[in-house]
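Structure, as structure tokens:
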Amino acid sequence: MQFKHPELLYALFLLLIPIIVHLFQLRKFQKEAFTNVAFLKKVSLQTRKSAQIKKWLTLLTRMGILAAIVIAFAQPFTSKTKTFNTKSETVIYLDNSFSMQVKGAKGELLKRAVSDIISTIPDDETISLITNDNSFRNTTIKAITNDLLQLNYSTNQLPYEAALLKSKKYFSKNSNTIKNVVFISDFQQKDTNFKAGNDKNTTLNLVQLKPVNKNNVSIDSLYISKRTSSNIELTVNLKNNGSNLNNLPVSLYNNGNLLTKSSVKITDKATAVFTLPANESIDGKVSIDDVNLQFDNTLYFNINNNSQINVLAINETSDAFLKSIYTANEFSYKSTAFNQLNYSDITSQNLIILNELNQIPSSLTTALKSFTTNGGVLIVIPSENIDIQDYNNILLNYNFNPFSALSKTEKRLTTINYSHPLYSDGVFEKQISNFQYPKIKSYYPQNLANASAVLQFEDGKPFLSENNNAFVFTSALNRKNSSFQDINLIVPTFYNISKRSLQLSNLYYTIGKENTYDVVTDLQQDAVLTLVNDNANVIPQQQYFNNKVAITTSETPEKAGIYNIKNKSEIIENVSYNYNRNESSLVYQNFSNLDNVTVSNSISEVFNTIKKDNKVNALWKWFVILALILLVFEMLILKYFK
């Protein structure tokens, strides 16, 4: 029991007054002579005992009345809180990620959660509510009912720790309020388990909504597995989280029209293979029939008639190995002798290769620096008879260390930087220990400094390094000086460098991840590219260069689908975006060992508990009633006790 005005309890010391009066009350008795003394003495004893009991009862009753009145004025109450009339603050995190699409006992988890919130919380109660992509601060259910009923699924779920931290920021700084956080989610198993922390000022209530069926089949990914002059082989990867299926239909559409249909048997994983015509633009969609989660039943993709990458080789030696790499189906390869170079060709290129030039005049250095600043990529291959000052001037422009004088010591190329972007994406299945090391007869010693090593000699000196859109070899690559042309590594090296110069769009991109690709187009001043489909019109982050626009997206667009990349009304090409498949696996966290939190599977139960915990039971009226009862008891004693 607690008191609103505990200072009034000091008035209980007033109870000492009737006690003192009772103990020190002095009465004088007058003696009378009677003939029958024995009889009088007996009557006197009986009267004295009765009077004494009556006095004690009256004293105790009056003390009880006074004590009850004092306690009633102190306003006693019972509550789980420490303060009378303590205000309560409630912040609700409502998970509206795609995994909340699954059906529980009473329908989709998210829709049922919204219904329970609206029906459980009083219309006029002040709360704050956050979702993965929206927030409502210090509002009421009545004010946000329409917003909740129209709540859409979010493409990106907040990490649990981030959601908890964000929820706590919505509390006031008043330390005397009761702070309740209510987490409503299915609590899918993530990379790390949910951590409640140890905040004594906040009560954390978890509402774990559970599905009735944990089976789910999803389209995980797709890729081009084979390409011929006439056909493309498209492989679709499927994942199953549940019981085995013997006959799962998989449909392939182009521009909304059904092209073909297949059926697969799936346990954990399966693939479906489709054949498409080559050299034909495809606005594709692959779909399956699955009654549980819906967001991962469709995967959009595009096969565009991609623009070719423009490659210019400036030569003073044979470029036969470059011609074999940069073939006509993907590249527009142009070769020119150094003494016949037309400088106006530089600005229209994506990749320029200086193939064993003896000299690099300052005019070419200036033109190349402008070219790389505008998004182009440069490859420098020195000859064995360079003007070292010319080369060091261009190296200085790209923040490389200078070349030293030519060393004719034979070296072996022994170190591959597997983590470099040139080799990190599927070039090697694993790191190679028995690599056929190429030999270099002469090279220009150089320190790495600010550059990133791609390939290195056995002594750690760079053979190929990269910095500021420039790739620099330290040795001539002709067969007299090097065996580098004779190993398989040369093809992915030059091929992937060219892909860095113009990042053509992939089959599809994932919403929520950072995606970057280039669009070949010429923009007028102040013009921008837009991503457009039936549901959205998005202006992505973009940067314009001489002959291309680099587009970067992450959280936009918000909806999966095929989007036209438009320059005003002109459609340049199409690009596809799909939802992240992270939430396709219906595996959930176990909170049996979690301390300092309340875990439930019912929203109404949690809010009823919060209401009960915050309820204050005022007891002053009971003490007033007690005082009245004691007063009546005293009157009965005085009147009827003889």
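Within each chain, counting starts at residue 1; across the structure tokens, chains are named A, B, ... in the order shown, with ligands numbered 1 upward in that order.
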Residue neighbourhood A:Tyr391, 10 Å, only C-alpha atoms, exclusion window fewer than 6 positions, as a list in words: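 Answer for this query is Leu357, Asn358, Gln359, Ile360, Pro361, Ser362, Thr365, Val380, Pro382, Pro402 and Phe403 of chain A.
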Which neighbours of A:Phe171 fall inside 8 Å, counting only C-alpha atoms, when residues of the same chain fewer than 6 positions from it are skipped, and could you give them as a list in words?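 Listing them by chain and then by number gives Glu89, Thr90, Val91 and Lys179 of chain A.
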Next, the residues of the selection above should be written as a PDB file, in the first residue's frame with N, CA and C atoms.
```pdb
ATOM      1  N   GLU A  89       3.252   5.944 -20.976  1.00  0.00           N
ATOM      2  CA  GLU A  89       3.583   6.174 -22.380  1.00  0.00           C
ATOM      3  C   GLU A  89       3.726   4.822 -23.071  1.00  0.00           C
ATOM      4  N   THR A  90       3.115   4.700 -24.228  1.00  0.00           N
ATOM      5  CA  THR A  90       3.164   3.436 -24.968  1.00  0.00           C
ATOM      6  C   THR A  90       3.621   3.694 -26.398  1.00  0.00           C
ATOM      7  N   VAL A  91       4.649   2.961 -26.813  1.00  0.00           N
ATOM      8  CA  VAL A  91       5.135   3.007 -28.198  1.00  0.00           C
ATOM      9  C   VAL A  91       4.983   1.606 -28.787  1.00  0.00           C
ATOM     10  N   LYS A 179       6.947   3.640 -19.062  1.00  0.00           N
ATOM     11  CA  LYS A 179       7.272   3.521 -20.486  1.00  0.00           C
ATOM     12  C   LYS A 179       7.133   2.062 -20.920  1.00  0.00           C
TER      13      LYS A 179
END
```
For A:Asn240, find every residue with an atom within 12 Å (counting only C-alpha atoms), except residues of its own chain fewer than 5 positions away, and show them as a PDB file with C-alpha atoms, in the first residue's frame.
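Final output, result28.pdb:
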```pdb
ATOM      1  CA  LYS A 214       5.067 -22.726 -42.415  1.00  0.00           C
ATOM      2  CA  ASN A 215       5.267 -24.136 -45.951  1.00  0.00           C
ATOM      3  CA  ASN A 216       6.476 -21.752 -48.640  1.00  0.00           C
ATOM      4  CA  VAL A 217       7.904 -22.060 -52.155  1.00  0.00           C
ATOM      5  CA  SER A 218       9.774 -19.108 -53.654  1.00  0.00           C
ATOM      6  CA  ILE A 219      11.499 -18.120 -56.884  1.00  0.00           C
ATOM      7  CA  ASP A 220      14.994 -17.457 -55.595  1.00  0.00           C
ATOM      8  CA  LEU A 245       5.874 -31.014 -53.967  1.00  0.00           C
ATOM      9  CA  ASN A 246       5.626 -33.378 -56.921  1.00  0.00           C
ATOM     10  CA  LEU A 248       4.786 -27.274 -59.135  1.00  0.00           C
ATOM     11  CA  VAL A 264       9.035 -29.326 -61.453  1.00  0.00           C
ATOM     12  CA  LYS A 265       9.344 -31.682 -58.516  1.00  0.00           C
ATOM     13  CA  ILE A 266      10.860 -29.908 -55.528  1.00  0.00           C
ATOM     14  CA  THR A 267      12.145 -30.982 -52.132  1.00  0.00           C
ATOM     15  CA  ASP A 268      14.536 -28.296 -50.863  1.00  0.00           C
ATOM     16  CA  LYS A 269      15.680 -26.827 -54.172  1.00  0.00           C
ATOM     17  CA  ALA A 270      14.860 -27.232 -57.845  1.00  0.00           C
ATOM     18  CA  THR A 271      15.536 -25.589 -61.212  1.00  0.00           C
ATOM     19  CA  ILE A 288       4.592 -19.944 -59.599  1.00  0.00           C
ATOM     20  CA  ASP A 290       1.899 -20.842 -53.987  1.00  0.00           C
ATOM     21  CA  ASN A 292       1.261 -18.903 -48.632  1.00  0.00           C
ATOM     22  CA  LEU A 293       3.631 -15.948 -49.095  1.00  0.00           C
ATOM     23  CA  ASP A 296       8.164 -14.155 -53.754  1.00  0.00           C
ATOM     24  CA  ASN A 297       5.944 -15.958 -56.295  1.00  0.00           C
ATOM     25  CA  SER A 584      10.942 -16.266 -47.768  1.00  0.00           C
ATOM     26  CA  SER A 585      12.201 -18.701 -45.129  1.00  0.00           C
ATOM     27  CA  LEU A 586       9.519 -19.178 -42.461  1.00  0.00           C
TER      28      LEU A 586
END
```
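For stretch 194-378 of chain A, the set of residues given alpha helix (DSSP H) by DSSP on the backbone reads Ala320, Phe321, Leu322, Lys323, Ser324, Ile325, Ser362, Ser363, Leu364, Thr365, Thr366, Ala367, Leu368, Lys369, Ser370, Phe371, Thr372 and Thr373 of chain A.
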Contact residues around A:Leu165 with only C-alpha atoms at 12 Å, ignoring same-chain residues under 2 positions, as number ranges by chain: A: 91, 93, 130, 158-163, 167-171, 181, 183, 195-197, 199, 202, 204
Those residues you just picked out, can you put them in a file as a short mmCIF file (atom, residue, chain, number, x, y, z; two decimals), in the first residue's frame with C-alpha atoms?
```cif
data_model
loop_
_atom_site.label_atom_id
_atom_site.label_comp_id
_atom_site.auth_asym_id
_atom_site.auth_seq_id
_atom_site.Cartn_x
_atom_site.Cartn_y
_atom_site.Cartn_z
CA VAL A 91 5.14 3.01 -28.20
CA TYR A 93 6.34 -1.24 -33.27
CA ILE A 130 6.05 3.03 -35.89
CA LEU A 158 14.11 -2.63 -39.79
CA PRO A 159 16.64 -4.69 -37.82
CA TYR A 160 15.11 -5.51 -34.45
CA GLU A 161 17.73 -3.54 -32.52
CA ALA A 162 17.21 -0.51 -34.76
CA ALA A 163 13.43 -0.74 -34.30
CA SER A 167 10.87 3.13 -30.40
CA LYS A 168 12.67 4.41 -27.30
CA LYS A 169 13.34 7.75 -28.99
CA TYR A 170 9.58 8.35 -29.10
CA PHE A 171 9.34 8.47 -25.29
CA VAL A 181 7.30 -0.75 -25.74
CA PHE A 183 6.79 -5.20 -30.37
CA LYS A 195 18.39 -8.78 -27.93
CA ALA A 196 16.17 -7.06 -25.39
CA GLY A 197 18.91 -5.18 -23.56
CA ASP A 199 16.76 -0.96 -19.69
CA THR A 202 11.32 0.60 -20.11
CA LEU A 204 9.36 -4.48 -23.24
#
```
So that I can see what lies close to A:Phe338, please list as a short mmCIF file (atom, residue, chain, number, x, y, z; two decimals) with N, CA and C atoms, in the first residue's frame the residues with an atom at most 8 Å from it, counting only C-alpha atoms and leaving out residues fewer than 6 positions away in the same chain.
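The file below, out.cif, is the result:
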```cif
data_model
loop_
_atom_site.label_atom_id
_atom_site.label_comp_id
_atom_site.auth_asym_id
_atom_site.auth_seq_id
_atom_site.Cartn_x
_atom_site.Cartn_y
_atom_site.Cartn_z
N ILE A 314 45.04 2.27 -78.72
CA ILE A 314 46.05 3.12 -79.37
C ILE A 314 47.35 2.33 -79.33
N ASN A 315 47.84 1.91 -80.52
CA ASN A 315 48.87 0.88 -80.57
C ASN A 315 50.19 1.38 -81.15
N GLU A 316 51.27 0.77 -80.65
CA GLU A 316 52.56 0.80 -81.32
C GLU A 316 53.14 -0.62 -81.35
N LEU A 357 52.95 2.14 -75.97
CA LEU A 357 53.44 3.38 -76.58
C LEU A 357 54.81 3.70 -76.01
#
```
Taking a cut-off of 12 Å and counting only C-alpha atoms, can you build a table that, for each residue of stretch 232-298 of chain A near stretch 563-570 of chain A, reports the nearest atom pair and how far apart they are in Å (one decimal), sorted by chain then residue number, as JSON lines?
```
{"residue": "A:Asn255", "atom": "CA", "partner": "A:Tyr563", "partner_atom": "CA", "distance": 11.8}
{"residue": "A:Asp283", "atom": "CA", "partner": "A:Tyr563", "partner_atom": "CA", "distance": 9.6}
{"residue": "A:Gly284", "atom": "CA", "partner": "A:Tyr563", "partner_atom": "CA", "distance": 11.6}
```
Store the residues picked out above in a file with C-alpha atoms, as a PDB file, in the first residue's frame.
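So the final result, stored in part22.pdb, reads:
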```pdb
ATOM      1  CA  ASN A 255       5.330  -8.594 -71.994  1.00  0.00           C
ATOM      2  CA  ASP A 283      10.281  -8.046 -70.759  1.00  0.00           C
ATOM      3  CA  GLY A 284      10.013 -11.232 -68.768  1.00  0.00           C
TER       4      GLY A 284
END
```
Excluding stretch 256-258 of chain A and residues on its chain fewer than 5 positions from it, collect all residues at most 12 Å away from it, counting only C-alpha atoms, and give them as a JSON list (two decimals) with C-alpha atoms, in the first residue's frame.
```json
[["chain", "number", "residue", "atom", "x", "y", "z"],
["A", 250, "VAL", "CA", 6.31, -22.61, -63.36],
["A", 251, "SER", "CA", 5.18, -20.09, -65.99],
["A", 282, "ILE", "CA", 12.43, -9.74, -73.42],
["A", 283, "ASP", "CA", 10.28, -8.05, -70.76],
["A", 284, "GLY", "CA", 10.01, -11.23, -68.77],
["A", 285, "LYS", "CA", 8.21, -12.56, -65.73],
["A", 286, "VAL", "CA", 8.49, -15.98, -64.09],
["A", 287, "SER", "CA", 5.68, -16.98, -61.71],
["A", 300, "TYR", "CA", 10.70, -9.94, -63.19],
["A", 561, "GLY", "CA", 8.04, -4.70, -61.68],
["A", 562, "ILE", "CA", 9.47, -3.80, -65.06]]
```
For a quick check of understanding, using only C-alpha atoms, which of A:Val70, A:Val207, A:Asp191, A:Leu9 has the smallest distance to A:Thr598?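 Ranking A:Val70, A:Val207, A:Asp191, A:Leu9 by distance to A:Thr598, first place goes to A:Val207.
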Could you pull the residues within 12 Å of A:Ser115, counting only C-alpha atoms, minus those fewer than 4 positions along the same chain, as a ChimeraX atom specification? /A:106-111,119-121,141,145-146,148-151,603-604
Once you count only C-alpha atoms, what closest atom pair and distance in Å to one decimal does each residue of stretch 555-591 of chain A within 9 Å of stretch 487-510 of chain A have, with rows by chain and rising residue number, as JSON lines?
```
{"residue": "A:Ala560", "atom": "CA", "partner": "A:Thr510", "partner_atom": "CA", "distance": 8.6}
{"residue": "A:Ile562", "atom": "CA", "partner": "A:Tyr508", "partner_atom": "CA", "distance": 8.9}
{"residue": "A:Asn574", "atom": "CA", "partner": "A:Ser505", "partner_atom": "CA", "distance": 8.9}
{"residue": "A:Val575", "atom": "CA", "partner": "A:Tyr508", "partner_atom": "CA", "distance": 6.6}
{"residue": "A:Ser576", "atom": "CA", "partner": "A:Tyr508", "partner_atom": "CA", "distance": 4.7}
{"residue": "A:Tyr577", "atom": "CA", "partner": "A:Tyr509", "partner_atom": "CA", "distance": 4.8}
{"residue": "A:Asn578", "atom": "CA", "partner": "A:Thr510", "partner_atom": "CA", "distance": 5.0}
{"residue": "A:Tyr579", "atom": "CA", "partner": "A:Thr510", "partner_atom": "CA", "distance": 5.8}
{"residue": "A:Asn580", "atom": "CA", "partner": "A:Thr510", "partner_atom": "CA", "distance": 5.8}
{"residue": "A:Arg581", "atom": "CA", "partner": "A:Thr510", "partner_atom": "CA", "distance": 8.9}
```
Let's see if you can do this: from backbone DSSP, list all strand (DSSP E or B) residues in stretch 258-437 of chain A, as a count of residues only. 65
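Nearest residue to A:Lys369, choosing from A:Ala470, A:Leu276, A:Ile325, A:Leu252 and counting only C-alpha atoms: A:Ala470.
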